[in-house]
Amino acid sequence: MADTQPLIAVANAGSSSLKFALYAVGAGGTLVLQLRGAVEELDRAPVFHARDAAGRTVAEQRWTDALGHDAALAQAITAVQALLPGMHLIGVGHRVVHGGAAHDQAVLVTPALMAELEQLIPLAPLHEPHNLAPIRLAWQRLPGVPQVACFDTAFHRSNPAIAQMFALPQELHDAGVRRYGFHGLSYEYIAGRLAELAPDAAAGRVVVLHLGNGASACALQGGRSVASSMGFTAVDGLPMGTRSGNLDPGVLLYLVQQRGMSVADIHDLIYKRSGLLGVSGISSDMRVLLHSDAPRAALAVDLFVYRVVREIGSLAAALGGLDALVFTAGIGEHAAPVRARVLAQLGWLGLVPDAAANAAHAPCITQAGSRASAWVLPTDEELMIARHTLALLEHTA
Ligand SMILES: Nc1ncnc2c1ncn2[C@@H]1O[C@H](COP(=O)(O)OP(=O)(O)O)[C@@H](O)[C@H]1O
Ligand SMILES: CC(=O)OP(=O)(O)O
Ligand SMILES: [Mg+2]
């Protein structure tokens, strides 16, 4: 690659990982992947890898102790500088999990925007600080290079008003206490992929399951988000690696009033000590639980599957039926036993699983005669961020 070829860099900080990618901007605005990598399992046994465009591993490192997001970011920057010396960056795209009510699309970062996003940190405590840190760093190190914020919430701004409401007094809704939905960059990418693979289904009623360390589900109608399992914060909806998912709000009152728990205790409980980790007492990682013989590990998987199935029913009801179901993200893309167990309970929605295709992680995992289809589609939040970044750079040029 020529040193002067324009590049877009992407930073995607998730709750358990920091992912990054670099794309060359070719003629006609094409994006050609040059390098991608991640520091994953940040809180357990961190592992760093970087791969070139052909998928060959070009850098790798492991740690035995947990690594913070800041150290992961430093690692990623050092590796990129070594692997692509003299690179010519024309823009940096950042995943920002919470964009609040104001943003229905990606925007250029300004000091005013940063001040606005700082206010949202309490609504996405596992993510927003780690999303804003790379922006600040890039700003210092790359003065003059435009930074673009791409929001997880933006894709869900198309939800009908009723899907954005809690049954709370109007004044709270007006103050921003409403359902936002997250993982929107992933859902937007998947909507586009499904339209390429199964255009008829994609034009209809689709439920997408983004099952990673954070997990949510989204109802798409004609490729637009109409409902999602996550609400005001990314702790709502499905149980996750360490997050509880939806909880009777009365439980929180009970814990405060009867158990004397503080706000910090509750925060720690619902964000960091619940979900797969809390139920199993063993791990937040589905890989570990699927390989464990411990009854509590099996229980955690059972509860996860049960709640995913119920959520699909809820979203299918909001859609008035189902034409396609898509599995994506860490668990969705790789955990065939979880997919098989979910699909086994969805015959009533017209899904007839293809066990061999599921075991092989094939794109389509239902049989030919199945009325509705099910899919395994790897997500690509980084490409979606790069597309938004390029579009914005072209627009503002
Ligand atoms: N081969 C696998 N089998 C089962 N689960 C997996 C596998 N690989 C990854 N996972 C699950 O996916 C999670 C990571 O998902 P990912 O979408 O990459 O996370 P993040 O939410 O940090 O972006 C892991 O915590 C683990 O539970
Ligand atoms: C919003 C969210 O939960 O993101 P992640 O899955 O990357 O943790
Ligand atoms: Mg993620």
# chains A, B, ... in the order shown; residues from 1 in each chain; ligands from 1
call {"tool": "residues_near_ligand", "arguments": {"ligand": "ligand 1", "cutoff": "9 Å", "atoms": "only C-alpha atoms and all ligand atoms", "output": "number ranges by chain"}}
result
A: 12-19, 40-42, 210-215, 240-241, 276, 283-290, 328-338, 379
call {"tool": "select_by_dssp", "arguments": {"residues": "range 190-389 of chain A", "states": "strand (DSSP E)", "output": "VMD selection string"}}
result
chain A and resid 205 to 211 215 to 221 224 to 228 324 to 328 373 to 376
call {"tool": "write_last_selection", "arguments": {"atoms": "N, CA and C atoms", "output": "compact mmCIF listing (two decimals), in the first residue's frame"}}
result
# COMPACT_ATOMS: atom_id res chain seq x y z
N ARG A 205 -40.68 -8.53 7.86
CA ARG A 205 -40.59 -8.44 9.33
C ARG A 205 -39.42 -9.30 9.82
N VAL A 206 -38.44 -8.65 10.42
CA VAL A 206 -37.19 -9.34 10.79
C VAL A 206 -36.86 -9.06 12.26
N VAL A 207 -36.46 -10.10 12.97
CA VAL A 207 -35.89 -9.89 14.31
C VAL A 207 -34.41 -10.22 14.24
N VAL A 208 -33.57 -9.30 14.70
CA VAL A 208 -32.13 -9.53 14.74
C VAL A 208 -31.71 -9.67 16.20
N LEU A 209 -30.94 -10.72 16.47
CA LEU A 209 -30.42 -10.96 17.82
C LEU A 209 -28.93 -10.63 17.83
N HIS A 210 -28.57 -9.54 18.48
CA HIS A 210 -27.15 -9.21 18.65
C HIS A 210 -26.75 -9.77 20.01
N LEU A 211 -26.14 -10.95 20.01
CA LEU A 211 -25.82 -11.63 21.26
C LEU A 211 -24.31 -11.66 21.44
N ALA A 215 -25.98 -7.87 25.02
CA ALA A 215 -26.91 -8.59 24.14
C ALA A 215 -28.21 -7.80 24.03
N SER A 216 -28.71 -7.73 22.80
CA SER A 216 -30.02 -7.11 22.60
C SER A 216 -30.67 -7.71 21.37
N ALA A 217 -31.95 -7.36 21.17
CA ALA A 217 -32.69 -7.82 20.01
C ALA A 217 -33.42 -6.63 19.42
N CYS A 218 -33.60 -6.67 18.11
CA CYS A 218 -34.21 -5.53 17.41
C CYS A 218 -35.22 -6.03 16.39
N ALA A 219 -36.35 -5.35 16.32
CA ALA A 219 -37.35 -5.65 15.29
C ALA A 219 -37.16 -4.67 14.14
N LEU A 220 -37.01 -5.23 12.93
CA LEU A 220 -36.87 -4.42 11.73
C LEU A 220 -38.10 -4.61 10.84
N GLN A 221 -38.62 -3.53 10.36
CA GLN A 221 -39.72 -3.59 9.39
C GLN A 221 -39.21 -2.87 8.14
N ARG A 224 -35.95 -0.94 8.65
CA ARG A 224 -35.87 0.14 9.64
C ARG A 224 -36.20 -0.40 11.03
N SER A 225 -35.50 0.10 12.05
CA SER A 225 -35.75 -0.34 13.41
C SER A 225 -37.11 0.17 13.90
N VAL A 226 -37.95 -0.76 14.42
CA VAL A 226 -39.24 -0.32 14.97
C VAL A 226 -39.38 -0.63 16.46
N ALA A 227 -38.49 -1.47 17.00
CA ALA A 227 -38.53 -1.77 18.44
C ALA A 227 -37.24 -2.46 18.82
N SER A 228 -36.88 -2.36 20.10
CA SER A 228 -35.67 -3.06 20.54
C SER A 228 -35.78 -3.42 22.02
N ALA A 324 -38.02 -13.34 9.00
CA ALA A 324 -36.64 -13.82 9.15
C ALA A 324 -36.12 -13.48 10.54
N LEU A 325 -35.21 -14.35 10.99
CA LEU A 325 -34.54 -14.17 12.29
C LEU A 325 -33.04 -14.22 12.00
N VAL A 326 -32.28 -13.27 12.57
CA VAL A 326 -30.84 -13.24 12.32
C VAL A 326 -30.09 -13.31 13.65
N PHE A 327 -29.08 -14.18 13.71
CA PHE A 327 -28.18 -14.27 14.87
C PHE A 327 -26.88 -13.57 14.50
N THR A 328 -26.39 -12.70 15.41
CA THR A 328 -25.09 -12.08 15.16
C THR A 328 -24.36 -11.78 16.47
N SER A 373 -37.29 -17.74 7.65
CA SER A 373 -35.90 -18.22 7.56
C SER A 373 -35.08 -17.70 8.74
N ALA A 374 -34.01 -18.42 9.06
CA ALA A 374 -33.09 -17.96 10.12
C ALA A 374 -31.68 -17.92 9.54
N TRP A 375 -30.89 -16.96 10.02
CA TRP A 375 -29.59 -16.66 9.43
C TRP A 375 -28.52 -16.46 10.50
N VAL A 376 -27.28 -16.80 10.13
CA VAL A 376 -26.12 -16.44 10.95
C VAL A 376 -25.30 -15.47 10.12
call {"tool": "closest_residue", "arguments": {"among": "A:Ala154, A:Ala362, A:Ala76, A:Leu31", "to": "Tyr187 in chain A", "atoms": "only C-alpha atoms"}}
result
A:Ala154
call {"tool": "atom_distance", "arguments": {"atom1": "CA of Ala344 in chain A", "atom2": "CA of Glu381 in chain A"}}
result
28.8 Å
call {"tool": "atom_distance", "arguments": {"atom1": "CA of Ala195 in chain A", "atom2": "CA of Pro378 in chain A"}}
result
14.2 Å
call {"tool": "closest_residue", "arguments": {"among": "A:Met165, A:Val97, A:Leu351, A:Leu252", "to": "ligand 2", "atoms": "only C-alpha atoms and all ligand atoms"}}
result
A:Val97
